[in-house]
Every structure is written in structure tokens, then in C-alpha cells.
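Student: File entry15.cif below, mmCIF, C-alpha atoms:
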```cif
data_target
loop_
_atom_site.label_atom_id
_atom_site.label_comp_id
_atom_site.auth_asym_id
_atom_site.auth_seq_id
_atom_site.Cartn_x
_atom_site.Cartn_y
_atom_site.Cartn_z
CA MET Q 1 67.40 106.80 150.75
CA PRO Q 2 64.23 106.21 148.66
CA LYS Q 3 64.11 102.77 147.12
CA ILE Q 4 63.92 104.06 143.56
CA ILE Q 5 67.03 106.21 143.93
CA PHE Q 6 68.92 103.30 145.40
CA ARG Q 7 67.94 101.08 142.49
CA LEU Q 8 68.87 103.76 139.99
CA LEU Q 9 72.23 104.20 141.64
CA LEU Q 10 72.78 100.46 141.76
CA SER Q 11 71.95 99.97 138.07
CA PHE Q 12 74.19 102.91 137.18
CA ILE Q 13 77.10 101.34 139.04
CA VAL Q 14 76.39 97.99 137.39
CA PHE Q 15 76.42 99.54 133.91
CA VAL Q 16 79.60 101.48 134.51
CA THR Q 17 81.30 98.41 135.92
CA VAL Q 18 80.24 96.21 133.03
CA PHE Q 19 81.48 98.87 130.60
CA VAL Q 20 84.83 99.17 132.34
CA LEU Q 21 85.21 95.39 132.48
CA ILE Q 22 84.40 94.91 128.79
CA GLN Q 23 86.72 97.75 127.82
CA GLN Q 24 89.56 96.30 129.84
CA TYR Q 25 88.95 92.87 128.37
CA LEU Q 26 88.90 94.12 124.78
CA THR Q 27 91.84 96.53 124.94
CA PRO Q 28 95.04 94.73 123.87
CA ASN Q 29 97.98 94.54 126.21
CA SER Q 30 100.27 97.31 125.08
CA PHE Q 31 97.60 99.63 123.70
CA GLY Q 32 98.29 103.26 124.48
CA LYS Q 33 101.90 102.87 125.55
CA TYR Q 34 103.19 105.34 122.95
CA GLY Q 35 99.91 106.58 121.54
CA HIS Q 36 96.53 105.45 120.30
CA TYR Q 37 97.80 102.10 119.00
CA ARG Q 38 99.12 98.75 120.11
CA ALA Q 39 102.80 99.25 120.93
CA ASN Q 40 103.51 95.53 120.34
CA ALA Q 41 102.62 96.07 116.66
CA ILE Q 42 106.03 97.73 116.32
CA ASN Q 43 107.62 94.41 117.25
CA ASP Q 44 105.31 92.53 114.88
CA ASN Q 45 106.64 94.72 112.08
CA LYS Q 46 110.21 94.07 113.21
CA MET Q 47 109.76 90.31 113.26
CA ARG Q 48 109.15 89.84 109.52
CA THR Q 49 111.67 87.80 107.57
CA SER Q 50 113.99 89.65 105.27
CA HIS Q 51 114.90 88.20 101.89
CA TYR Q 52 117.78 90.42 100.89
CA LYS Q 53 120.95 89.47 102.68
CA GLY Q 54 123.26 92.29 101.70
CA GLU Q 55 126.56 92.30 99.87
CA GLU Q 56 128.62 91.42 102.97
CA ASN Q 57 126.98 88.01 103.01
CA CYS Q 58 127.65 87.41 99.32
CA VAL Q 59 131.30 88.30 99.78
CA THR Q 60 131.85 85.55 102.35
CA CYS Q 61 131.79 83.00 99.48
CA HIS Q 62 132.19 85.07 96.30
CA GLN Q 63 135.11 87.35 97.09
CA ASP Q 64 136.56 86.74 93.58
CA VAL Q 65 133.44 87.97 91.80
CA TYR Q 66 133.21 90.93 94.14
CA ASP Q 67 136.80 91.93 93.43
CA LEU Q 68 136.24 91.63 89.70
CA LYS Q 69 133.11 93.76 89.94
CA SER Q 70 134.61 96.47 92.10
CA GLU Q 71 137.39 97.09 89.57
CA ASP Q 72 135.06 97.86 86.68
CA VAL Q 73 132.15 100.19 85.95
CA HIS Q 74 129.59 98.05 87.72
CA ASP Q 75 131.29 98.72 91.07
CA ARG Q 76 128.33 100.72 92.43
CA VAL Q 77 125.84 98.02 91.48
CA ARG Q 78 125.22 95.71 94.44
CA CYS Q 79 125.10 91.93 93.97
CA GLU Q 80 121.42 91.74 94.73
CA SER Q 81 120.52 94.47 92.25
CA CYS Q 82 120.75 91.79 89.57
CA HIS Q 83 120.73 88.57 91.60
CA PHE Q 84 117.32 88.89 93.18
CA PRO Q 85 116.85 86.37 95.94
CA LYS Q 86 114.24 83.86 94.93
CA ILE Q 87 110.77 84.44 96.36
CA ALA Q 88 111.49 81.95 99.13
CA GLY Q 89 114.32 84.28 99.91
CA SER Q 90 115.01 83.22 103.45
CA VAL Q 91 116.59 80.01 102.16
CA ASP Q 92 120.30 79.71 101.57
CA CYS Q 93 121.52 80.75 98.13
CA GLU Q 94 123.27 77.40 97.83
CA VAL Q 95 119.85 75.76 97.81
CA MET Q 96 118.29 78.16 95.33
CA PRO Q 97 121.06 79.91 93.37
CA PRO Q 98 119.81 83.32 92.20
CA LYS Q 99 121.16 82.94 88.67
CA VAL Q 100 120.69 85.63 86.02
CA GLU Q 101 121.40 85.50 82.31
CA GLY Q 102 122.78 88.70 80.82
CA THR Q 103 120.15 88.76 78.11
CA LEU Q 104 119.15 91.73 75.96
CA GLU Q 105 115.96 92.35 77.95
CA PHE Q 106 117.75 92.14 81.26
CA CYS Q 107 120.53 94.58 80.39
CA ALA Q 108 117.98 96.85 78.66
CA GLN Q 109 116.35 97.54 82.02
CA CYS Q 110 119.15 100.02 82.64
CA HIS Q 111 120.86 100.44 79.27
CA ALA Q 112 118.05 100.87 76.72
CA ILE Q 113 117.76 104.37 75.29
CA ASN Q 114 115.27 106.49 77.21
CA LEU Q 115 115.40 110.29 77.18
CA GLY Q 116 114.63 110.26 80.89
CA ARG Q 117 117.92 108.61 81.72
CA LEU Q 118 120.35 110.46 79.47
CA LYS Q 119 123.30 112.24 81.12
CA LYS Q 120 123.00 110.18 84.27
CA GLY Q 121 126.23 108.30 83.86
CA VAL Q 122 124.64 105.10 82.61
CA PRO Q 123 125.60 104.23 79.01
CA GLN Q 124 122.57 104.16 76.71
CA LEU Q 125 122.50 102.26 73.48
CA ASP Q 126 120.26 101.07 70.71
CA PHE Q 127 120.69 97.31 71.02
CA LYS Q 128 119.61 96.57 67.45
CA GLU Q 129 122.13 99.03 66.05
CA HIS Q 130 124.83 97.86 68.48
CA LYS Q 131 125.02 94.15 67.72
CA GLY Q 132 121.68 93.08 66.32
CA ASP Q 133 120.10 90.23 68.26
CA GLN Q 134 123.36 89.05 69.75
CA ASN Q 135 123.19 88.41 73.47
CA CYS Q 136 125.12 90.84 75.69
CA ILE Q 137 127.04 88.12 77.53
CA GLU Q 138 128.45 86.80 74.26
CA CYS Q 139 130.94 89.70 74.32
CA HIS Q 140 130.67 91.31 77.75
CA ASN Q 141 131.51 89.91 81.13
CA VAL Q 142 128.56 91.09 83.20
CA HIS Q 143 130.66 91.65 86.30
CA ALA Q 144 133.35 93.55 84.42
CA PRO Q 145 131.66 94.89 81.26
CA TRP Q 146 134.87 96.20 79.70
CA GLU Q 147 136.65 92.89 79.89
CA LEU Q 148 135.49 91.92 76.45
CA LYS Q 149 135.52 88.33 75.33
CA GLU Q 150 137.07 87.41 72.01
CA MET Y 1 59.70 80.57 156.95
CA GLY Y 2 60.12 80.41 153.20
CA THR Y 3 60.03 84.19 152.78
CA GLU Y 4 62.52 84.56 155.64
CA ARG Y 5 65.02 82.32 153.82
CA ILE Y 6 64.61 84.20 150.59
CA LYS Y 7 65.04 87.53 152.37
CA LYS Y 8 68.27 86.38 154.00
CA ASN Y 9 69.66 85.07 150.75
CA ARG Y 10 68.69 88.20 148.92
CA ARG Y 11 70.57 90.26 151.47
CA THR Y 12 73.73 88.21 151.14
CA PHE Y 13 73.34 88.27 147.37
CA PHE Y 14 73.17 92.07 147.36
CA LYS Y 15 76.05 92.32 149.78
CA SER Y 16 78.33 90.05 147.78
CA SER Y 17 77.46 91.63 144.42
CA ALA Y 18 77.97 95.13 145.83
CA ALA Y 19 81.39 94.06 147.11
CA LEU Y 20 82.29 92.57 143.73
CA ILE Y 21 81.16 95.60 141.75
CA GLY Y 22 82.72 98.04 144.19
CA GLY Y 23 86.00 96.15 144.10
CA THR Y 24 86.17 96.16 140.31
CA LEU Y 25 85.32 99.83 140.19
CA LEU Y 26 87.99 100.62 142.72
CA TYR Y 27 90.53 98.61 140.72
CA SER Y 28 89.63 100.43 137.52
CA LEU Y 29 90.08 103.74 139.31
CA ILE Y 30 93.49 102.76 140.64
CA LYS Y 31 94.80 101.20 137.41
CA PRO Y 32 95.45 104.43 135.48
CA PHE Y 33 97.73 105.56 138.30
CA GLU Y 34 99.90 102.44 138.10
CA GLY Y 35 102.22 104.32 135.79
CA LEU Y 36 103.15 106.70 138.57
CA ALA Y 37 104.47 103.85 140.67
CA GLN Y 38 106.96 102.78 137.96
CA THR Y 39 110.60 103.67 138.34
CA LYS Y 40 111.98 106.69 136.57
CA GLU Y 41 114.69 104.69 134.79
CA GLU Y 42 112.07 103.00 132.64
CA ASP Y 43 110.65 106.35 131.64
CA ILE Y 44 114.02 107.60 130.51
CA GLN Y 45 114.62 104.48 128.40
CA GLU Y 46 111.37 104.98 126.56
CA ASP Y 47 111.85 108.66 126.04
CA LYS Y 48 111.10 109.54 122.44
CA THR Y 49 114.25 111.58 122.08
CA ASN Y 50 116.37 108.42 122.13
CA PHE Y 51 114.71 107.02 119.03
CA PRO Y 52 116.15 107.68 115.57
CA LEU Y 53 114.04 109.59 113.06
CA TRP Y 54 114.04 107.74 109.77
CA GLY Y 55 113.72 109.49 106.45
CA MET Y 56 114.60 109.02 102.80
CA GLY Y 57 116.08 111.17 100.10
CA VAL Y 58 115.34 110.54 96.43
CA ASP Y 59 117.77 111.95 93.89
CA LEU Y 60 115.80 112.39 90.67
CA GLU Y 61 119.00 113.38 88.90
CA SER Y 62 120.31 109.84 89.42
CA CYS Y 63 117.18 107.75 88.91
CA ILE Y 64 117.26 105.88 85.61
CA GLY Y 65 113.89 104.17 85.97
CA CYS Y 66 115.17 100.61 85.91
CA GLY Y 67 112.47 99.51 88.35
CA LYS Y 68 114.83 97.40 90.46
CA CYS Y 69 113.51 99.07 93.62
CA ALA Y 70 109.89 98.23 92.86
CA GLU Y 71 110.82 94.63 92.11
CA ALA Y 72 112.98 94.28 95.20
CA CYS Y 73 110.23 95.75 97.36
CA LYS Y 74 107.75 93.16 96.12
CA ILE Y 75 110.14 90.31 96.88
CA GLU Y 76 111.21 91.60 100.26
CA ASN Y 77 107.74 92.37 101.55
CA ASN Y 78 105.68 89.61 99.90
CA VAL Y 79 103.64 92.11 97.92
CA PRO Y 80 101.35 90.35 95.38
CA ILE Y 81 103.02 90.13 91.99
CA GLU Y 82 99.96 91.44 90.06
CA PRO Y 83 100.72 94.86 88.52
CA PHE Y 84 98.21 96.61 90.78
CA TYR Y 85 99.77 96.29 94.21
CA PHE Y 86 102.81 98.40 95.03
CA ARG Y 87 104.54 99.69 98.09
CA THR Y 88 106.91 101.61 95.87
CA TRP Y 89 106.89 102.25 92.14
CA VAL Y 90 108.58 104.45 89.55
CA GLU Y 91 106.75 106.88 87.27
CA GLN Y 92 108.05 108.37 84.05
CA TYR Y 93 107.03 111.95 83.39
CA THR Y 94 107.25 113.13 79.81
CA VAL Y 95 106.69 116.80 79.03
CA LYS Y 96 105.93 117.19 75.34
CA ASN Y 97 106.83 120.17 73.19
CA ASN Y 98 103.18 121.29 73.21
CA GLY Y 99 103.19 121.39 77.01
CA GLU Y 100 101.23 118.19 77.59
CA VAL Y 101 102.45 116.03 80.45
CA LYS Y 102 102.28 112.27 80.10
CA ILE Y 103 102.70 110.18 83.22
CA GLU Y 104 103.16 106.46 82.85
CA SER Y 105 104.19 103.63 85.06
CA PRO Y 106 103.59 100.27 83.36
CA ASN Y 107 103.84 97.54 86.00
CA GLY Y 108 105.21 100.11 88.43
CA GLY Y 109 108.37 100.40 86.39
CA ILE Y 110 109.38 96.77 86.97
CA GLY Y 111 111.43 95.54 84.03
CA GLY Y 112 112.64 99.04 83.16
CA LEU Y 113 110.62 102.03 81.99
CA LYS Y 114 110.31 102.48 78.24
CA GLN Y 115 109.69 105.81 76.56
CA SER Y 116 106.45 105.64 74.56
CA VAL Y 117 106.64 109.15 73.09
CA PRO Y 118 108.77 109.72 69.95
CA ASP Y 119 112.00 111.56 70.77
CA ASP Y 120 111.28 114.59 68.56
CA GLU Y 121 108.07 115.38 70.48
CA ILE Y 122 109.74 115.40 73.89
CA PHE Y 123 110.66 118.59 75.69
CA LYS Y 124 111.92 116.80 78.78
CA SER Y 125 111.56 113.46 80.47
CA PHE Y 126 112.38 112.22 83.94
CA MET Y 127 111.67 109.42 86.40
CA VAL Y 128 110.07 109.81 89.82
CA PRO Y 129 110.19 106.95 92.32
CA LYS Y 130 107.22 107.06 94.65
CA LEU Y 131 106.65 105.50 98.04
CA CYS Y 132 104.98 106.25 101.34
CA ASN Y 133 106.14 109.70 102.41
CA HIS Y 134 105.97 108.86 106.12
CA CYS Y 135 104.23 112.11 106.99
CA THR Y 136 104.73 113.71 110.37
CA LYS Y 137 101.05 114.67 110.23
CA ALA Y 138 99.80 111.59 108.44
CA PRO Y 139 96.25 111.84 107.06
CA CYS Y 140 95.96 108.05 107.01
CA VAL Y 141 96.63 107.81 110.74
CA GLN Y 142 93.96 110.41 111.44
CA ALA Y 143 91.48 108.53 109.26
CA CYS Y 144 91.94 105.10 110.86
CA PRO Y 145 88.90 104.44 113.08
CA VAL Y 146 90.50 101.71 115.17
CA GLY Y 147 94.07 102.84 115.75
CA ALA Y 148 95.52 100.17 113.47
CA THR Y 149 97.87 102.54 111.68
CA PHE Y 150 100.19 104.79 113.58
CA ILE Y 151 103.46 106.69 113.54
CA SER Y 152 106.06 104.71 115.43
CA PRO Y 153 108.35 106.58 117.87
CA ASP Y 154 111.08 106.52 115.18
CA GLY Y 155 108.89 108.27 112.65
CA VAL Y 156 107.73 105.40 110.45
CA VAL Y 157 104.05 105.02 109.57
CA LEU Y 158 103.20 101.38 110.27
CA VAL Y 159 100.12 99.16 110.06
CA ASP Y 160 99.04 96.81 112.83
CA GLU Y 161 97.92 93.84 110.72
CA THR Y 162 96.15 92.10 113.57
CA TYR Y 163 94.15 95.19 114.44
CA CYS Y 164 93.24 96.50 110.97
CA ILE Y 165 89.60 95.88 110.05
CA GLY Y 166 90.14 96.45 106.32
CA CYS Y 167 87.80 99.42 105.96
CA SER Y 168 90.10 101.14 103.39
CA TYR Y 169 89.59 104.61 104.88
CA CYS Y 170 93.35 105.10 105.08
CA ILE Y 171 93.74 104.19 101.41
CA GLN Y 172 91.32 106.95 100.49
CA ALA Y 173 92.90 109.38 102.92
CA CYS Y 174 96.45 109.02 101.60
CA PRO Y 175 97.16 111.94 99.24
CA TYR Y 176 100.10 110.08 97.70
CA GLY Y 177 98.27 106.86 96.83
CA ALA Y 178 100.90 104.93 98.73
CA ARG Y 179 98.57 102.37 100.32
CA TYR Y 180 96.78 99.37 98.91
CA MET Y 181 94.47 96.65 100.17
CA ASN Y 182 96.39 93.41 100.36
CA PRO Y 183 94.23 90.73 98.68
CA VAL Y 184 95.90 87.96 100.70
CA THR Y 185 95.80 89.34 104.24
CA LYS Y 186 92.73 91.56 103.57
CA VAL Y 187 94.29 94.44 105.46
CA ALA Y 188 95.81 97.74 104.37
CA ASP Y 189 99.48 97.49 103.45
CA LYS Y 190 102.12 100.11 102.75
CA CYS Y 191 105.81 100.92 102.70
CA THR Y 192 107.36 100.49 106.14
CA PHE Y 193 110.88 101.59 105.10
CA CYS Y 194 111.45 97.81 105.47
CA TYR Y 195 111.03 98.20 109.22
CA HIS Y 196 112.28 94.66 109.85
CA ARG Y 197 115.53 95.57 108.07
CA ILE Y 198 116.19 99.06 109.40
CA SER Y 199 115.65 97.93 112.98
CA LYS Y 200 118.51 95.46 112.42
CA GLY Y 201 120.76 98.15 110.99
CA LEU Y 202 120.25 97.16 107.34
CA GLN Y 203 119.13 99.40 104.51
CA PRO Y 204 115.63 99.12 103.04
CA ALA Y 205 115.51 96.69 100.09
CA CYS Y 206 114.91 99.44 97.52
CA VAL Y 207 117.95 101.38 98.74
CA GLU Y 208 120.00 98.18 98.80
CA VAL Y 209 119.40 97.35 95.14
CA CYS Y 210 119.40 100.83 93.56
CA PRO Y 211 122.28 100.69 91.02
CA THR Y 212 122.70 104.48 90.84
CA ASP Y 213 122.26 105.28 94.55
CA ALA Y 214 119.23 107.41 93.75
CA ARG Y 215 117.67 106.55 97.09
CA ILE Y 216 119.37 107.62 100.28
CA PHE Y 217 118.12 106.30 103.58
CA GLY Y 218 119.15 107.44 107.02
CA ASN Y 219 118.52 108.92 110.41
CA LEU Y 220 117.51 112.58 110.28
CA LYS Y 221 118.73 113.12 113.83
CA ASP Y 222 122.22 111.80 113.09
CA LYS Y 223 123.99 114.82 111.65
CA LYS Y 224 126.67 112.61 110.10
CA SER Y 225 124.29 110.29 108.24
CA ASP Y 226 124.26 110.05 104.45
CA LEU Y 227 120.75 111.43 104.39
CA VAL Y 228 121.64 114.60 106.28
CA LYS Y 229 124.64 115.05 103.94
CA PHE Y 230 122.31 114.64 100.97
CA LEU Y 231 119.92 117.25 102.36
CA GLN Y 232 122.79 119.65 102.99
CA ASN Y 233 124.23 119.22 99.50
CA ASN Y 234 121.00 119.47 97.53
CA PRO Y 235 117.99 121.74 97.51
CA THR Y 236 115.22 119.29 98.26
CA GLN Y 237 111.45 119.41 98.25
CA VAL Y 238 108.67 117.18 99.50
CA LEU Y 239 105.65 116.10 97.47
CA LYS Y 240 102.47 118.15 97.87
CA PRO Y 241 103.86 120.60 100.41
CA HIS Y 242 100.59 122.57 100.37
CA LEU Y 243 98.90 119.69 102.19
CA ASN Y 244 101.04 120.32 105.27
CA THR Y 245 101.75 116.65 105.81
CA HIS Y 246 105.40 117.37 106.69
CA SER Y 247 106.56 114.24 104.96
CA ARG Y 248 109.99 112.72 105.46
CA VAL Y 249 110.76 111.70 101.88
CA PHE Y 250 112.80 114.42 100.25
CA TYR Y 251 113.17 114.81 96.49
CA ASN Y 252 116.10 116.48 94.80
CA GLY Y 253 115.40 118.06 91.41
CA LEU Y 254 111.62 117.86 91.65
CA SER Y 255 109.82 119.51 88.73
CA SER Y 256 106.56 121.36 89.18
CA GLU Y 257 104.84 118.82 86.91
CA VAL Y 258 105.08 116.15 89.59
CA LYS Y 259 101.84 115.77 91.47
#
```
Can you dump the structure from the file as C-alpha cells?

Tutor:
Amino acid sequence: MPKIIFRLLLSFIVFVTVFVLIQQYLTPNSFGKYGHYRANAINDNKMRTSHYKGEENCVTCHQDVYDLKSEDVHDRVRCESCHFPKIAGSVDCEVMPPKVEGTLEFCAQCHAINLGRLKKGVPQLDFKEHKGDQNCIECHNVHAPWELKE
Amino acid sequence: MGTERIKKNRRTFFKSSAALIGGTLLYSLIKPFEGLAQTKEEDIQEDKTNFPLWGMGVDLESCIGCGKCAEACKIENNVPIEPFYFRTWVEQYTVKNNGEVKIESPNGGIGGLKQSVPDDEIFKSFMVPKLCNHCTKAPCVQACPVGATFISPDGVVLVDETYCIGCSYCIQACPYGARYMNPVTKVADKCTFCYHRISKGLQPACVEVCPTDARIFGNLKDKKSDLVKFLQNNPTQVLKPHLNTHSRVFYNGLSSEVK
């Protein structure tokens, strides 16, 4: 074999090998298992902490409130719809109680008049006309809205 | 004598490097065939047909625009609180008597949507929750130059945060505007159907908090799931069907005004 061809061949092999080595080194472990992505990224997405614990967990301590709620019109509203877990939500709710006040603004999120939400089964009212600036919880029990206070 | 020594060493040098290079090359040729040697049981376990196929139904006839879903999503997924970053948000569409359409979504609907148009000018008004549509043919996945966003075997479009280079191509490619650049992690972020929750059998946070059950989440392959029931009971549509994205978020009662 002529010397020049041998050298050409040798350098070609060296380049290909270096390319293959670098590619193997840079490609992450599970890349390409299911497609053109890192399959372990699916697990990374699974491993995130969840903040919302679900109603079953609330019921373990607050069965009384749950029973009260499920007998009245707020039965379809889940606990955490109003009691948002605090931003550090992975902590126990005994440490950071997710308290809510049934203020005008808070109840208005669902109950203020808006033409877009008429006839959807959620009572709409003009708060000013209803009771002026009086706070909702002064008359209504938030868990059982039709158990009116005196 | 000196040249003799060099010649000898050069020969051994060439021999050893040729062996090294040849060995690596041989290994790289064999490696792709490793898969063939694996047992068949493993293949069956990872068969795509055993995965669920997640989807969501949105009932516009129930949505009251309270914005609880958008708020819950931000808390659950550590989305920045600034009113610019959303994985899901609610829009209010107002069609006026003169035919004009006003679309508004102050703070993504968090805190409850308020009608800004006087009642006597309104022809109709409705709320539309928006989120990633988890397209079967996702434009964002095609646009990603590094393979950092992908459709998981259970049909959820996910982002590999460690692999994303933050080029924003996917954000431009998404026809639904469902992606944003996370200012904290500096990578693209989007709705994952709360992948960490659904893989544990929980509902996504937005579905969990919705007070009117306007969002229905489930497995499209499970013919008894709530989602399949919802699709059977209602005539549903997807957003922007002309784009052929084959998305898996189905809207009931979608008006033609919704873009």
C-alpha cells in the first residue's frame, strides 16, 4: 500500500474514532430509549414535590368540617379550592395552617355578577345591593352557606 | 543506534495505537446491537401500549372564571407569581352587540375574572381556560434543536430541564402560547398535567381545585374513565384544529370566536 494512502486511511480512522468517542461521552445515559430525548427526564418530572394533598388527607383530621360541607351547597367545592396550601406547601398544615377569611373579595371570585357565569349553577349577586360592605362570614357559614348566623 | 531505537519505538507506538483505535471502533460497532441480546420480557414491559394516554376535557358550560386553577397551578408548580408567567390561565371572551370580540385575562384570571364591558353592550360572554394542549404532533417538540422537549410514552409533552439550552424556539413554535421562559431556572417551562401528581394516581392541581368540575382529567385508553364519559356525552372540539396538531385537550361548547 502506498504510504500516502496508508496515512490517509489512518487519519480517517483516527477522526472517526475520536468522533465516536466524543459522541458516546456526551450522550446522556438513557438518551434514545423511547425517542430522541433522555428517558430519565420522565423520572425527573415525576420526582417533583406536590403541594396539594387532596381532600382525603384533610378528612383524616377534619371529618366534622367535611361532613358539614358535604351537606350543603358547597359540597362539590374541594377543601383546597379555598384553602390553598402555603407556598412551602410540602410542610404539614399543622405547621402552616392554610387559613382563609370569607371576605367580600374572596367570595366575589366566584359569586360576583359576571355575564359569563350566569346560568351555571353558581349564585351571582351584587354585593353592595345585598348587604353593603358587610363581610360575608358575618351571616354565612362558609362551609354551609345556608346555615345562617343570627 | 539512536535511529534504530526510535524506529523500534515508533513501530510499537503505531501497533499499540492501532490496537486501541481498532478496539474502540469495534466496540462502537457492536454497541448498537446490544439491544438484541436483551431478554424479550423487558421489551414487553416497555411496550408503549401498556402506558395510559392522558388527556383533559374542559367544559366551558361549567367554567365560571374564578381563576382557582391558575392560582393552584402556580403554587403547585412553583411558577413565578408575576402576572406574566402561566402554565394555565383563564380568558374571558366578550362578544359585543356590534360584533366586536374582546378577550381579556387580567393576571391570568387569578382572583376571579371581572366583566369590564357594560351589560347592555354584551351579546354573549364566556370563559375559556387555556393550557398546554399536549399535541400528538407537537410543533414545539419538532422545533427543539437538542431534544429537550418530548412527548412521553403516556402522551404528555414534557421538558427536560437539565437538557434545555433556553433558546426559546419552542415558545415561538407553540401555536397556543402555552410555554414561557422561566426566569428562575432559565429554561422553557409548560404545563405537564402535573406529571408528578398523575404518575402517583392524583389529579392535576387545576382539576383538584376546580369548584364547578369544569376540568375533567383522565386516561383516554380507559373506556370507563371520567374523561371518556365526558367525550361521549358532549360534542367536543380541540383548539385550532386546522393546524393538525391532534391535541388532547377537548373543549365542550367552544365558540368560533375562540382562537

Student: As a ChimeraX atom specification, please: the residues near Asn141 in chain Q (cut-off 12 Å, only C-alpha atoms, same-chain neighbours under 3 positions excluded).

Tutor: /Q:65,68-69,72-74,101-103,107,135-138,144-150

Student: Within 6 Å of chain Y, which residues belong to chain Q? Use all atoms listed in the file and report them as a list in words.

Tutor: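 So the residues of chain Q near chain Y are His36, Tyr37, Ala41, Lys46, Arg48, His51, Val77, Glu80, Ser81, Ile87, Gln109, Cys110, Asn114, Leu115, Gly116, Arg117 and Lys120 of chain Q.
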
Student: Quick one: distance from CA of Gly108 in chain Y to CA of Phe84 in chain Y in Å, one decimal?

Tutor: 8.2 Å

Student: Quote the spacing between CA of Asp75 in chain Q and CA of His111 in chain Q in Å to one decimal place.

Tutor: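 Interatomic distance here is 15.8 Å.
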
Student: Please indicate the distance in Å from CA of Glu129 in chain Q to CA of Ile113 in chain Q, rounded to one decimal place.

Tutor: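 Result for CA of Glu129 in chain Q versus CA of Ile113 in chain Q: 11.5 Å, one decimal.
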
Student: Which residue, Q:Met1, Q:Leu21, Q:Leu10, Q:Val100, has the smallest gap to Tyr27 in chain Y when you use only C-alpha atoms?

Tutor: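 For Tyr27 in chain Y, the nearest of the candidates is Q:Leu21.
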
Student: For Lys128 in chain Q, which residue among Q:Ile42, Q:Ile5, Q:Ala108, Q:Cys79 is the nearest when counting only C-alpha atoms?

Tutor: Q:Ala108

Student: Just say which residues the PyMOL selection byres ((chain Y and resi 230-237) around 9) picks in this file, as a PyMOL selection string.

Tutor: chain Y and resi 57-59+216+225-229+238-239+241+249-254

Student: How about saving the chosen residues, C-alpha atoms kept, as an mmCIF file, in the coordinates of the input?

Tutor:
```
data_model
loop_
_atom_site.group_PDB
_atom_site.id
_atom_site.type_symbol
_atom_site.label_atom_id
_atom_site.label_comp_id
_atom_site.auth_asym_id
_atom_site.auth_seq_id
_atom_site.Cartn_x
_atom_site.Cartn_y
_atom_site.Cartn_z
ATOM 1 C CA GLY Y 57 116.080 111.170 100.100
ATOM 2 C CA VAL Y 58 115.340 110.540 96.430
ATOM 3 C CA ASP Y 59 117.770 111.950 93.890
ATOM 4 C CA ILE Y 216 119.370 107.620 100.280
ATOM 5 C CA SER Y 225 124.290 110.290 108.240
ATOM 6 C CA ASP Y 226 124.260 110.050 104.450
ATOM 7 C CA LEU Y 227 120.750 111.430 104.390
ATOM 8 C CA VAL Y 228 121.640 114.600 106.280
ATOM 9 C CA LYS Y 229 124.640 115.050 103.940
ATOM 10 C CA VAL Y 238 108.670 117.180 99.500
ATOM 11 C CA LEU Y 239 105.650 116.100 97.470
ATOM 12 C CA PRO Y 241 103.860 120.600 100.410
ATOM 13 C CA VAL Y 249 110.760 111.700 101.880
ATOM 14 C CA PHE Y 250 112.800 114.420 100.250
ATOM 15 C CA TYR Y 251 113.170 114.810 96.490
ATOM 16 C CA ASN Y 252 116.100 116.480 94.800
ATOM 17 C CA GLY Y 253 115.400 118.060 91.410
ATOM 18 C CA LEU Y 254 111.620 117.860 91.650
#
```

Student: Please evaluate the PyMOL selection byres ((chain Y and resi 187) around 12) against the structure above and give the resulting residues as a list in words.

Tutor: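 Selected by the PyMOL selection byres ((chain Y and resi 187) around 12) in this file: Ala148, Thr149, Val159, Asp160, Glu161, Thr162, Tyr163, Cys164, Ile165, Gly166, Cys167, Ser168, Tyr169, Cys170, Ile171, Arg179, Tyr180, Met181, Asn182, Pro183, Val184, Thr185, Lys186, Ala188, Asp189 and Lys190 of chain Y.
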
Student: Go through the shown structure with the PyMOL selection byres ((chain Y and resi 132) around 7) and write out the matching residues as a list in words.

Tutor: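 Output of the PyMOL selection byres ((chain Y and resi 132) around 7): Leu131, Asn133, His134, Ala178, Lys190 and Cys191 of chain Y.
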
Student: For Thr88 in chain Y, which residue out of Y:Trp54, Y:Gly177, Y:Phe14, Y:Ala143 is the nearest one, using all atoms listed in the file?

Tutor: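 Checking each candidate against Thr88 in chain Y, we get Y:Gly177 as the closest.
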